[in-house]
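Content type mmCIF, C-alpha atoms and all ligand atoms, from the file run08.cif:
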data_start
loop_
_atom_site.group_PDB
_atom_site.id
_atom_site.type_symbol
_atom_site.label_atom_id
_atom_site.label_comp_id
_atom_site.auth_asym_id
_atom_site.auth_seq_id
_atom_site.Cartn_x
_atom_site.Cartn_y
_atom_site.Cartn_z
ATOM 1 C CA MET A 16 7.814 -7.024 -113.250
ATOM 2 C CA ALA A 17 6.539 -8.090 -109.855
ATOM 3 C CA THR A 18 6.762 -5.574 -107.029
ATOM 4 C CA ALA A 19 10.070 -6.084 -105.237
ATOM 5 C CA GLU A 20 9.700 -7.422 -101.744
ATOM 6 C CA ASN A 21 11.279 -4.348 -100.160
ATOM 7 C CA GLU A 22 8.732 -2.095 -101.864
ATOM 8 C CA TYR A 23 6.080 -3.226 -99.397
ATOM 9 C CA THR A 24 6.132 -0.624 -96.627
ATOM 10 C CA LEU A 25 3.359 0.633 -94.369
ATOM 11 C CA ASP A 26 3.231 3.675 -96.602
ATOM 12 C CA SER A 27 2.921 1.693 -99.841
ATOM 13 C CA VAL A 28 0.264 -0.701 -98.510
ATOM 14 C CA ARG A 29 -1.732 2.252 -97.176
ATOM 15 C CA LYS A 30 -1.538 3.836 -100.647
ATOM 16 C CA ALA A 31 -3.016 0.643 -102.097
ATOM 17 C CA LEU A 32 -5.878 0.887 -99.586
ATOM 18 C CA VAL A 33 -6.489 4.517 -100.579
ATOM 19 C CA ARG A 34 -6.684 3.537 -104.255
ATOM 20 C CA GLU A 35 -9.114 0.726 -103.447
ATOM 21 C CA GLU A 36 -11.428 3.320 -101.855
ATOM 22 C CA ASP A 37 -12.082 4.751 -105.320
ATOM 23 C CA THR A 38 -13.214 1.357 -106.588
ATOM 24 C CA ILE A 39 -15.452 0.798 -103.562
ATOM 25 C CA VAL A 40 -17.065 4.234 -103.740
ATOM 26 C CA PHE A 41 -17.745 3.863 -107.468
ATOM 27 C CA GLY A 42 -19.056 0.372 -106.771
ATOM 28 C CA LEU A 43 -21.554 1.785 -104.287
ATOM 29 C CA ILE A 44 -22.680 4.452 -106.756
ATOM 30 C CA GLU A 45 -23.020 1.864 -109.540
ATOM 31 C CA ARG A 46 -25.098 -0.500 -107.394
ATOM 32 C CA ALA A 47 -27.282 2.412 -106.234
ATOM 33 C CA LYS A 48 -28.230 3.025 -109.892
ATOM 34 C CA PHE A 49 -30.517 0.001 -109.619
ATOM 35 C CA PRO A 50 -33.348 -0.466 -107.155
ATOM 36 C CA PHE A 51 -33.273 -3.446 -104.799
ATOM 37 C CA ASN A 52 -34.527 -5.874 -107.476
ATOM 38 C CA PHE A 53 -35.691 -8.683 -105.228
ATOM 39 C CA HIS A 54 -35.609 -11.398 -107.911
ATOM 40 C CA THR A 55 -31.804 -11.107 -107.958
ATOM 41 C CA TYR A 56 -31.841 -12.650 -104.460
ATOM 42 C CA ASP A 57 -34.929 -14.838 -104.758
ATOM 43 C CA GLN A 58 -34.070 -18.537 -104.286
ATOM 44 C CA ASN A 59 -36.940 -19.565 -106.590
ATOM 45 C CA TYR A 60 -36.492 -17.200 -109.521
ATOM 46 C CA LEU A 61 -33.840 -18.991 -111.554
ATOM 47 C CA GLN A 62 -35.345 -22.068 -113.153
ATOM 48 C CA THR A 63 -32.794 -24.613 -114.193
ATOM 49 C CA PRO A 64 -32.150 -28.158 -112.977
ATOM 50 C CA ASP A 65 -28.396 -27.417 -113.143
ATOM 51 C CA PHE A 66 -28.227 -24.891 -110.330
ATOM 52 C CA ARG A 67 -29.941 -24.384 -106.996
ATOM 53 C CA GLY A 68 -29.753 -20.887 -105.582
ATOM 54 C CA SER A 69 -30.423 -17.241 -106.328
ATOM 55 C CA LEU A 70 -29.457 -15.384 -109.474
ATOM 56 C CA VAL A 71 -26.691 -13.514 -107.655
ATOM 57 C CA GLU A 72 -25.229 -16.825 -106.435
ATOM 58 C CA PHE A 73 -25.447 -18.162 -109.984
ATOM 59 C CA VAL A 74 -23.658 -15.109 -111.437
ATOM 60 C CA VAL A 75 -20.965 -14.981 -108.743
ATOM 61 C CA GLN A 76 -20.218 -18.722 -108.730
ATOM 62 C CA ASN A 77 -20.042 -18.998 -112.501
ATOM 63 C CA THR A 78 -17.990 -15.809 -112.883
ATOM 64 C CA GLU A 79 -15.530 -17.075 -110.289
ATOM 65 C CA ILE A 80 -15.217 -20.405 -112.113
ATOM 66 C CA VAL A 81 -14.217 -18.595 -115.320
ATOM 67 C CA GLN A 82 -11.955 -16.096 -113.536
ATOM 68 C CA ALA A 83 -10.176 -18.871 -111.608
ATOM 69 C CA LYS A 84 -9.397 -20.634 -114.888
ATOM 70 C CA ALA A 85 -8.150 -17.304 -116.277
ATOM 71 C CA GLY A 86 -5.759 -16.978 -113.310
ATOM 72 C CA ARG A 87 -7.405 -14.371 -111.071
ATOM 73 C CA TYR A 88 -6.818 -16.218 -107.790
ATOM 74 C CA GLU A 89 -3.128 -16.833 -108.511
ATOM 75 C CA ASN A 90 -2.641 -13.304 -107.198
ATOM 76 C CA PRO A 91 -2.426 -13.470 -103.373
ATOM 77 C CA GLU A 92 -4.467 -10.233 -103.177
ATOM 78 C CA GLU A 93 -7.573 -12.026 -104.507
ATOM 79 C CA ASN A 94 -9.921 -14.275 -102.539
ATOM 80 C CA PRO A 95 -12.961 -16.043 -104.007
ATOM 81 C CA PHE A 96 -16.404 -16.167 -102.387
ATOM 82 C CA PHE A 97 -16.951 -19.806 -103.371
ATOM 83 C CA PRO A 98 -13.497 -21.417 -103.261
ATOM 84 C CA GLU A 99 -15.091 -24.865 -103.012
ATOM 85 C CA ASN A 100 -16.165 -24.746 -106.674
ATOM 86 C CA LEU A 101 -12.949 -23.679 -108.306
ATOM 87 C CA GLN A 102 -10.462 -25.355 -110.595
ATOM 88 C CA SER A 103 -6.845 -24.351 -111.053
ATOM 89 C CA SER A 104 -5.666 -21.647 -113.396
ATOM 90 C CA LEU A 105 -5.204 -22.624 -117.037
ATOM 91 C CA VAL A 106 -2.724 -19.859 -117.810
ATOM 92 C CA PRO A 107 1.071 -19.754 -117.285
ATOM 93 C CA SER A 108 1.934 -18.589 -113.768
ATOM 94 C CA TYR A 109 3.210 -15.089 -113.037
ATOM 95 C CA PRO A 110 5.939 -14.501 -110.413
ATOM 96 C CA PHE A 111 3.899 -12.498 -107.895
ATOM 97 C CA THR A 112 6.104 -11.271 -105.056
ATOM 98 C CA LYS A 113 5.792 -13.634 -102.131
ATOM 99 C CA ILE A 114 5.883 -11.525 -99.003
ATOM 100 C CA LEU A 115 3.100 -13.268 -97.112
ATOM 101 C CA HIS A 116 3.579 -16.145 -94.696
ATOM 102 C CA SER A 117 2.150 -19.422 -96.021
ATOM 103 C CA GLY A 118 -0.665 -19.299 -93.412
ATOM 104 C CA ALA A 119 -2.192 -16.388 -95.372
ATOM 105 C CA ALA A 120 -3.728 -18.728 -97.933
ATOM 106 C CA SER A 121 -6.097 -20.223 -95.356
ATOM 107 C CA ILE A 122 -7.567 -16.820 -94.402
ATOM 108 C CA ASN A 123 -10.745 -16.023 -96.288
ATOM 109 C CA ILE A 124 -13.546 -14.125 -94.539
ATOM 110 C CA ASN A 125 -15.719 -13.767 -97.624
ATOM 111 C CA LYS A 126 -18.522 -15.902 -96.129
ATOM 112 C CA SER A 127 -18.958 -13.299 -93.353
ATOM 113 C CA LEU A 128 -18.629 -10.471 -95.862
ATOM 114 C CA TRP A 129 -21.305 -12.052 -98.071
ATOM 115 C CA LYS A 130 -23.771 -12.173 -95.188
ATOM 116 C CA ILE A 131 -23.037 -8.613 -94.046
ATOM 117 C CA TYR A 132 -23.360 -7.306 -97.605
ATOM 118 C CA PHE A 133 -26.807 -8.755 -98.239
ATOM 119 C CA ASP A 134 -28.264 -8.529 -94.713
ATOM 120 C CA ASP A 135 -26.939 -5.157 -93.568
ATOM 121 C CA LEU A 136 -25.289 -3.141 -96.288
ATOM 122 C CA LEU A 137 -27.616 -3.333 -99.292
ATOM 123 C CA PRO A 138 -30.754 -2.302 -97.361
ATOM 124 C CA LEU A 139 -28.818 0.748 -96.144
ATOM 125 C CA PHE A 140 -28.357 2.410 -99.512
ATOM 126 C CA VAL A 141 -30.469 0.759 -102.202
ATOM 127 C CA ALA A 142 -33.930 2.114 -103.002
ATOM 128 C CA SER A 143 -36.825 -0.324 -102.936
ATOM 129 C CA GLY A 144 -38.302 -1.252 -106.286
ATOM 130 C CA ASP A 145 -37.936 -3.428 -109.345
ATOM 131 C CA ASP A 146 -36.709 -2.417 -112.802
ATOM 132 C CA GLY A 147 -36.104 -5.888 -114.229
ATOM 133 C CA ASN A 148 -32.318 -5.504 -114.485
ATOM 134 C CA TYR A 149 -31.546 -8.536 -112.340
ATOM 135 C CA ALA A 150 -28.462 -9.758 -114.210
ATOM 136 C CA GLN A 151 -26.973 -6.250 -114.212
ATOM 137 C CA THR A 152 -27.778 -5.904 -110.521
ATOM 138 C CA ALA A 153 -26.019 -9.202 -109.766
ATOM 139 C CA ALA A 154 -23.005 -8.067 -111.801
ATOM 140 C CA SER A 155 -22.780 -4.796 -109.877
ATOM 141 C CA ASP A 156 -23.117 -6.678 -106.569
ATOM 142 C CA LEU A 157 -20.222 -8.876 -107.660
ATOM 143 C CA SER A 158 -17.951 -5.916 -108.571
ATOM 144 C CA LEU A 159 -18.647 -4.230 -105.260
ATOM 145 C CA LEU A 160 -18.207 -7.435 -103.260
ATOM 146 C CA GLN A 161 -14.884 -8.102 -104.991
ATOM 147 C CA ALA A 162 -13.665 -4.567 -104.269
ATOM 148 C CA ILE A 163 -14.586 -4.771 -100.566
ATOM 149 C CA SER A 164 -13.130 -8.278 -100.328
ATOM 150 C CA LYS A 165 -9.853 -7.149 -101.840
ATOM 151 C CA ARG A 166 -9.677 -4.270 -99.383
ATOM 152 C CA VAL A 167 -10.336 -6.291 -96.253
ATOM 153 C CA HIS A 168 -8.010 -9.143 -97.265
ATOM 154 C CA TYR A 169 -5.286 -6.597 -97.965
ATOM 155 C CA GLY A 170 -5.075 -6.674 -94.176
ATOM 156 C CA LYS A 171 -2.728 -9.650 -94.687
ATOM 157 C CA PHE A 172 -0.164 -7.352 -96.350
ATOM 158 C CA VAL A 173 -0.706 -4.597 -93.786
ATOM 159 C CA ALA A 174 -0.109 -7.085 -90.979
ATOM 160 C CA GLU A 175 3.022 -8.482 -92.618
ATOM 161 C CA VAL A 176 4.662 -5.052 -92.920
ATOM 162 C CA LYS A 177 3.660 -4.108 -89.380
ATOM 163 C CA PHE A 178 5.162 -7.375 -88.124
ATOM 164 C CA ARG A 179 8.402 -6.809 -90.053
ATOM 165 C CA GLU A 180 8.691 -3.265 -88.708
ATOM 166 C CA SER A 181 8.487 -4.363 -85.055
ATOM 167 C CA PRO A 182 8.666 -8.137 -84.574
ATOM 168 C CA GLN A 183 9.816 -7.611 -80.994
ATOM 169 C CA ASP A 184 6.403 -6.082 -80.155
ATOM 170 C CA TYR A 185 4.289 -8.615 -82.060
ATOM 171 C CA GLU A 186 6.029 -11.901 -81.234
ATOM 172 C CA PRO A 187 5.141 -12.113 -77.503
ATOM 173 C CA LEU A 188 1.470 -11.346 -78.259
ATOM 174 C CA ILE A 189 1.385 -13.933 -81.057
ATOM 175 C CA ARG A 190 2.925 -16.590 -78.816
ATOM 176 C CA ALA A 191 0.390 -15.754 -76.095
ATOM 177 C CA LYS A 192 -2.422 -15.897 -78.728
ATOM 178 C CA ASP A 193 -3.500 -12.526 -77.375
ATOM 179 C CA ARG A 194 -6.093 -11.330 -79.918
ATOM 180 C CA GLU A 195 -7.000 -8.278 -77.892
ATOM 181 C CA GLY A 196 -3.388 -7.218 -77.452
ATOM 182 C CA LEU A 197 -2.686 -7.666 -81.155
ATOM 183 C CA MET A 198 -5.790 -5.682 -82.066
ATOM 184 C CA LYS A 199 -4.641 -2.830 -79.844
ATOM 185 C CA LEU A 200 -1.104 -2.859 -81.220
ATOM 186 C CA LEU A 201 -2.139 -2.766 -84.890
ATOM 187 C CA THR A 202 -4.807 -0.081 -84.409
ATOM 188 C CA PHE A 203 -4.143 3.531 -85.432
ATOM 189 C CA LYS A 204 -7.260 5.500 -84.530
ATOM 190 C CA SER A 205 -6.066 8.703 -86.223
ATOM 191 C CA VAL A 206 -5.530 6.820 -89.505
ATOM 192 C CA GLU A 207 -9.022 5.316 -89.246
ATOM 193 C CA GLU A 208 -10.533 8.778 -88.746
ATOM 194 C CA MET A 209 -8.736 10.057 -91.844
ATOM 195 C CA VAL A 210 -9.890 7.065 -93.879
ATOM 196 C CA LYS A 211 -13.549 7.636 -92.931
ATOM 197 C CA LYS A 212 -13.377 11.355 -93.730
ATOM 198 C CA ARG A 213 -11.638 10.773 -97.053
ATOM 199 C CA VAL A 214 -14.105 8.105 -98.121
ATOM 200 C CA GLU A 215 -17.041 10.394 -97.341
ATOM 201 C CA LYS A 216 -15.390 13.180 -99.339
ATOM 202 C CA LYS A 217 -14.803 10.859 -102.286
ATOM 203 C CA ALA A 218 -18.442 9.756 -102.186
ATOM 204 C CA THR A 219 -19.504 13.423 -102.202
ATOM 205 C CA LEU A 220 -17.286 14.253 -105.178
ATOM 206 C CA PHE A 221 -17.804 11.088 -107.236
ATOM 207 C CA GLY A 222 -21.548 11.155 -106.614
ATOM 208 C CA GLN A 223 -22.066 14.704 -107.834
ATOM 209 C CA GLU A 224 -23.996 15.508 -110.978
ATOM 210 C CA ILE A 225 -21.603 17.392 -113.256
ATOM 211 C CA SER A 226 -23.040 20.427 -114.998
ATOM 212 C CA LEU A 227 -21.311 22.729 -117.494
ATOM 213 C CA ASP A 228 -23.825 25.461 -116.814
ATOM 214 C CA SER A 229 -22.518 27.662 -114.001
ATOM 215 C CA ASN A 230 -26.036 28.850 -113.163
ATOM 216 C CA ASP A 231 -27.231 25.328 -112.749
ATOM 217 C CA ASP A 232 -27.688 24.395 -109.102
ATOM 218 C CA SER A 233 -27.545 20.655 -109.856
ATOM 219 C CA LYS A 234 -24.062 20.705 -108.310
ATOM 220 C CA GLU A 235 -25.978 20.200 -105.110
ATOM 221 C CA LYS A 236 -27.658 17.073 -106.397
ATOM 222 C CA GLN A 237 -26.175 13.860 -105.076
ATOM 223 C CA ARG A 238 -26.585 10.449 -106.674
ATOM 224 C CA PHE A 239 -25.601 8.769 -103.477
ATOM 225 C CA ASP A 240 -25.678 9.561 -99.750
ATOM 226 C CA PRO A 241 -21.976 10.073 -98.868
ATOM 227 C CA SER A 242 -22.492 9.177 -95.215
ATOM 228 C CA VAL A 243 -23.258 5.596 -96.321
ATOM 229 C CA ALA A 244 -19.654 5.254 -97.523
ATOM 230 C CA SER A 245 -18.145 6.323 -94.192
ATOM 231 C CA LYS A 246 -20.650 4.172 -92.300
ATOM 232 C CA LEU A 247 -19.672 1.183 -94.450
ATOM 233 C CA TYR A 248 -16.048 1.769 -93.539
ATOM 234 C CA GLU A 249 -16.678 2.384 -89.870
ATOM 235 C CA LYS A 250 -18.986 -0.571 -89.265
ATOM 236 C CA TRP A 251 -17.561 -3.202 -91.578
ATOM 237 C CA VAL A 252 -14.583 -2.440 -93.817
ATOM 238 C CA ILE A 253 -12.185 -1.241 -91.103
ATOM 239 C CA PRO A 254 -13.201 -3.872 -88.478
ATOM 240 C CA LEU A 255 -12.950 -6.688 -91.060
ATOM 241 C CA THR A 256 -9.541 -5.451 -92.269
ATOM 242 C CA LYS A 257 -8.371 -5.547 -88.646
ATOM 243 C CA GLU A 258 -9.847 -9.014 -88.115
ATOM 244 C CA VAL A 259 -7.853 -10.245 -91.128
ATOM 245 C CA GLN A 260 -4.722 -8.652 -89.653
ATOM 246 C CA VAL A 261 -5.196 -10.434 -86.325
ATOM 247 C CA ASP A 262 -5.973 -13.775 -88.037
ATOM 248 C CA TYR A 263 -2.838 -13.386 -90.141
ATOM 249 C CA LEU A 264 -0.591 -12.453 -87.209
ATOM 250 C CA LEU A 265 -1.809 -15.419 -85.154
ATOM 251 C CA ARG A 266 -0.460 -17.704 -87.900
ATOM 252 C CA ARG A 267 2.686 -15.668 -88.549
ATOM 253 C CA LEU A 268 5.033 -17.778 -86.415
ATOM 254 C CA ASP A 269 3.684 -21.236 -87.393
HETATM 255 C C1 LIG B 301 -5.080 -0.837 -92.202
HETATM 256 C C2 LIG B 301 -4.477 -0.427 -91.101
HETATM 257 O O1 LIG B 301 -4.761 -0.967 -89.824
HETATM 258 C C3 LIG B 301 -5.865 -0.492 -89.069
HETATM 259 C C4 LIG B 301 -7.046 -0.434 -89.927
HETATM 260 C C5 LIG B 301 -7.302 0.684 -90.665
HETATM 261 C C6 LIG B 301 -8.221 0.629 -91.839
HETATM 262 O O2 LIG B 301 -8.837 -0.440 -92.051
HETATM 263 O O3 LIG B 301 -8.342 1.643 -92.558
HETATM 264 C C7 LIG B 301 -6.645 1.887 -90.359
HETATM 265 C C8 LIG B 301 -5.779 1.971 -89.312
HETATM 266 C C9 LIG B 301 -5.520 0.844 -88.420
HETATM 267 O O4 LIG B 301 -6.276 1.004 -87.235
HETATM 268 C C10 LIG B 301 -3.443 0.611 -91.118
HETATM 269 O O5 LIG B 301 -2.745 0.778 -90.106
HETATM 270 O O6 LIG B 301 -3.305 1.289 -92.152
#
As structure tokens, how would this structure be written, given the file I've shared?
Ligand SMILES: C=C(O[C@@H]1C=C(C(=O)O)C=C[C@H]1O)C(=O)O
Amino acid sequence: MATAENEYTLDSVRKALVREEDTIVFGLIERAKFPFNFHTYDQNYLQTPDFRGSLVEFVVQNTEIVQAKAGRYENPEENPFFPENLQSSLVPSYPFTKILHSGAASININKSLWKIYFDDLLPLFVASGDDGNYAQTAASDLSLLQAISKRVHYGKFVAEVKFRESPQDYEPLIRAKDREGLMKLLTFKSVEEMVKKRVEKKATLFGQEISLDSNDDSKEKQRFDPSVASKLYEKWVIPLTKEVQVDYLLRRLD
């Protein structure tokens, strides 16, 4: 059964964001298993007359084509990176709860996310080197990109519940197209601090080597630098989630 409309509360949407942290942190650890693997991003590596672009673009675009046909983007929580290539779903439709305003469908910041991911994020936590696993690397980039994308676009749901809880506060700012005022009103600094701390803790725990030998000091060994996870949230995930919220609110009264 679809989630009932009244089950979307600030508490329930925040719980969904907390759960998505697990997927993102694991995604980071999984991508960090591979070195940078330059050929994954090399525009001249893939040799086929049918496709121009890097291997990661090839994997993401083709995966999205299949997933769109299988119905993935029928769920309003999902947003593709290359919507221009997609065909409609081939499967019967499911009655997803419609709580979002119709303007939500036109909000997709994946092009910015794509650029940030490859220009800023990857170099921050991936070791240099080449182990030949380019297809696997592209697949792990895709999983991580999808997880981050889902998280930041969940801002649409967060904004909707915030609006419903206090329309009297949001409406004047929306009518005045006051981005700054909206940003201030939807920001909860103490929640952001908790999110960053929790994500760093999850990265510490999930990234630990597990040993059954109590004398083994490998507990200390980390597969991943936990501060990267909180930095990712501080610099990109939280600001992008808030940008989606403002974009959504600005369309909320159309
Ligand atoms: C998502 C929310 O909105 C803002 C963004 C946050 C985030 O991205 O983690 C946290 C608090 C708010 O400043 C929220 O209120 O939960």
Exercise for review: Enter the distance from CA of Lys126 in chain A to CA of Thr24 in chain A, in Å, rounded to one decimal.
Suggested key: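 These two atoms are separated by 29.0 Å.
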What are the nearest atom pairs, with distances in Å to one decimal, for all residues of chain A that come at most 10 Å from ligand LIG 301 (chain B), using only C-alpha atoms and all ligand atoms, set out by chain and rising residue number as CSV?
residue,atom,partner,partner_atom,distance
A:Leu25,CA,B:LIG301,O6,7.1
A:Asp26,CA,B:LIG301,O6,8.3
A:Ser27,CA,B:LIG301,O6,9.9
A:Val28,CA,B:LIG301,O6,7.6
A:Arg29,CA,B:LIG301,O6,5.4
A:Lys30,CA,B:LIG301,O6,9.0
A:Ala31,CA,B:LIG301,O6,10.0
A:Leu32,CA,B:LIG301,O3,7.5
A:Val33,CA,B:LIG301,O3,8.7
A:Glu36,CA,B:LIG301,O3,9.9
A:Arg166,CA,B:LIG301,O2,8.3
A:Val167,CA,B:LIG301,O2,7.4
A:Tyr169,CA,B:LIG301,C1,8.2
A:Gly170,CA,B:LIG301,C1,6.2
A:Lys171,CA,B:LIG301,C1,9.5
A:Phe172,CA,B:LIG301,C1,9.2
A:Val173,CA,B:LIG301,C1,6.0
A:Ala174,CA,B:LIG301,O1,7.8
A:Val176,CA,B:LIG301,O5,9.8
A:Lys177,CA,B:LIG301,O5,8.1
A:Met198,CA,B:LIG301,O4,8.5
A:Lys199,CA,B:LIG301,O4,8.5
A:Leu200,CA,B:LIG301,O4,8.8
A:Leu201,CA,B:LIG301,O1,5.9
A:Thr202,CA,B:LIG301,O4,3.4
A:Phe203,CA,B:LIG301,O4,3.8
A:Lys204,CA,B:LIG301,O4,5.3
A:Ser205,CA,B:LIG301,C8,7.4
A:Val206,CA,B:LIG301,C8,4.9
A:Glu207,CA,B:LIG301,C7,4.3
A:Glu208,CA,B:LIG301,C7,8.1
A:Met209,CA,B:LIG301,O3,8.5
A:Val210,CA,B:LIG301,O3,5.8
A:Lys211,CA,B:LIG301,O3,7.9
A:Tyr248,CA,B:LIG301,O2,7.7
A:Glu249,CA,B:LIG301,O2,8.6
A:Trp251,CA,B:LIG301,O2,9.2
A:Val252,CA,B:LIG301,O2,6.3
A:Ile253,CA,B:LIG301,O2,3.6
A:Pro254,CA,B:LIG301,O2,6.6
A:Leu255,CA,B:LIG301,O2,7.5
A:Thr256,CA,B:LIG301,O2,5.1
A:Lys257,CA,B:LIG301,C4,5.4
A:Glu258,CA,B:LIG301,C4,9.2
A:Val259,CA,B:LIG301,O1,9.9
A:Gln260,CA,B:LIG301,O1,7.7
Produce a file of the selected residues containing C-alpha atoms, as a PDB file, in the coordinates of the input.
ATOM      1  CA  LEU A  25       3.359   0.633 -94.369  1.00  0.00           C
ATOM      2  CA  ASP A  26       3.231   3.675 -96.602  1.00  0.00           C
ATOM      3  CA  SER A  27       2.921   1.693 -99.841  1.00  0.00           C
ATOM      4  CA  VAL A  28       0.264  -0.701 -98.510  1.00  0.00           C
ATOM      5  CA  ARG A  29      -1.732   2.252 -97.176  1.00  0.00           C
ATOM      6  CA  LYS A  30      -1.538   3.836-100.647  1.00  0.00           C
ATOM      7  CA  ALA A  31      -3.016   0.643-102.097  1.00  0.00           C
ATOM      8  CA  LEU A  32      -5.878   0.887 -99.586  1.00  0.00           C
ATOM      9  CA  VAL A  33      -6.489   4.517-100.579  1.00  0.00           C
ATOM     10  CA  GLU A  36     -11.428   3.320-101.855  1.00  0.00           C
ATOM     11  CA  ARG A 166      -9.677  -4.270 -99.383  1.00  0.00           C
ATOM     12  CA  VAL A 167     -10.336  -6.291 -96.253  1.00  0.00           C
ATOM     13  CA  TYR A 169      -5.286  -6.597 -97.965  1.00  0.00           C
ATOM     14  CA  GLY A 170      -5.075  -6.674 -94.176  1.00  0.00           C
ATOM     15  CA  LYS A 171      -2.728  -9.650 -94.687  1.00  0.00           C
ATOM     16  CA  PHE A 172      -0.164  -7.352 -96.350  1.00  0.00           C
ATOM     17  CA  VAL A 173      -0.706  -4.597 -93.786  1.00  0.00           C
ATOM     18  CA  ALA A 174      -0.109  -7.085 -90.979  1.00  0.00           C
ATOM     19  CA  VAL A 176       4.662  -5.052 -92.920  1.00  0.00           C
ATOM     20  CA  LYS A 177       3.660  -4.108 -89.380  1.00  0.00           C
ATOM     21  CA  MET A 198      -5.790  -5.682 -82.066  1.00  0.00           C
ATOM     22  CA  LYS A 199      -4.641  -2.830 -79.844  1.00  0.00           C
ATOM     23  CA  LEU A 200      -1.104  -2.859 -81.220  1.00  0.00           C
ATOM     24  CA  LEU A 201      -2.139  -2.766 -84.890  1.00  0.00           C
ATOM     25  CA  THR A 202      -4.807  -0.081 -84.409  1.00  0.00           C
ATOM     26  CA  PHE A 203      -4.143   3.531 -85.432  1.00  0.00           C
ATOM     27  CA  LYS A 204      -7.260   5.500 -84.530  1.00  0.00           C
ATOM     28  CA  SER A 205      -6.066   8.703 -86.223  1.00  0.00           C
ATOM     29  CA  VAL A 206      -5.530   6.820 -89.505  1.00  0.00           C
ATOM     30  CA  GLU A 207      -9.022   5.316 -89.246  1.00  0.00           C
ATOM     31  CA  GLU A 208     -10.533   8.778 -88.746  1.00  0.00           C
ATOM     32  CA  MET A 209      -8.736  10.057 -91.844  1.00  0.00           C
ATOM     33  CA  VAL A 210      -9.890   7.065 -93.879  1.00  0.00           C
ATOM     34  CA  LYS A 211     -13.549   7.636 -92.931  1.00  0.00           C
ATOM     35  CA  TYR A 248     -16.048   1.769 -93.539  1.00  0.00           C
ATOM     36  CA  GLU A 249     -16.678   2.384 -89.870  1.00  0.00           C
ATOM     37  CA  TRP A 251     -17.561  -3.202 -91.578  1.00  0.00           C
ATOM     38  CA  VAL A 252     -14.583  -2.440 -93.817  1.00  0.00           C
ATOM     39  CA  ILE A 253     -12.185  -1.241 -91.103  1.00  0.00           C
ATOM     40  CA  PRO A 254     -13.201  -3.872 -88.478  1.00  0.00           C
ATOM     41  CA  LEU A 255     -12.950  -6.688 -91.060  1.00  0.00           C
ATOM     42  CA  THR A 256      -9.541  -5.451 -92.269  1.00  0.00           C
ATOM     43  CA  LYS A 257      -8.371  -5.547 -88.646  1.00  0.00           C
ATOM     44  CA  GLU A 258      -9.847  -9.014 -88.115  1.00  0.00           C
ATOM     45  CA  VAL A 259      -7.853 -10.245 -91.128  1.00  0.00           C
ATOM     46  CA  GLN A 260      -4.722  -8.652 -89.653  1.00  0.00           C
TER      47      GLN A 260
END
Review point. Of the residues A:Gly68, A:Gly147, A:Pro91, A:Pro182, which is the one nearest to Ser117 in chain A, using only C-alpha atoms?
Key: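 Checking each of A:Gly68, A:Gly147, A:Pro91, A:Pro182 against Ser117 in chain A, counting only C-alpha atoms, the winner is A:Pro91.
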Review point. CA of Val214 in chain A and CA of Ala162 in chain A are how many Å apart?
Key: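 Value for the CA of Val214 in chain A-CA of Ala162 in chain A distance: 14.1 Å.
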Point to revise | Atomic distance CA of Glu72 in chain A - CA of Leu159 in chain A, expressed in Å with one decimal | key: 14.3 Å
Exercise for review: Apply the PyMOL selection byres (((chain A and resi 88) around 12) and not hetatm) to the structure shown and report the selected residues as a PyMOL selection string.
Suggested key: chain A and resi 79-87+89-98+101-106+108-109+111+120+161+165
Check your understanding: From the list A:Thr219, A:Asn123, A:Ser155, A:Ser69, which residue is nearest Asp57 in chain A when using all atoms listed in the file?
Key ->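 Looking at the shortest contact to Asp57 in chain A, the residue is A:Ser69.
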**Study point:** Residues within 8 Å of (0.8, -12.3, -88.9), counting only C-alpha atoms, listed as a list in words
**Key:** His116, Lys171, Ala174, Glu175, Phe178, Gln260, Val261, Asp262, Tyr263, Leu264, Leu265, Arg266, Arg267 and Leu268 of chain A
Practice item. Apply the PyMOL selection byres (((chain A and resi 52) around 10) and not hetatm) to the structure shown and report the selected residues as a PyMOL selection string. Key: chain A and resi 49-51+53-57+141-150+152-153
Review point. Looking at all atoms listed in the file, which of A:Ser229, A:Gln151, A:Ser127, A:Ser181 is the one that sits closest to Ile163 in chain A?
Key: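 Looking at the shortest contact to Ile163 in chain A, the residue is A:Ser127.
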**Study point:** Among the residues A:Tyr132, A:Phe140, A:Phe66, A:Tyr185, the one that comes closest to Ser164 in chain A [using all atoms listed in the file]
**Key:**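 Result for the nearest residue to Ser164 in chain A: A:Tyr132.
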Review point. Hey, which of A:Arg238, A:Lys217, A:Lys246, A:Lys212 ends up closest to Thr38 in chain A? Count only C-alpha atoms.
Key: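 With only C-alpha atoms as the atom set, the closest residue is A:Lys217.
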Review point. If the PyMOL selection byres (((chain A and resi 40-43) around 7) and not hetatm) is run on the structure shown, which residues does it catch, given as a list in words?
Key: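 Selected by the PyMOL selection byres (((chain A and resi 40-43) around 7) and not hetatm) in this file: Glu36, Asp37, Thr38, Ile39, Ile44, Glu45, Arg46, Ala47, Ser158, Leu159, Ala218 and Ala244 of chain A.
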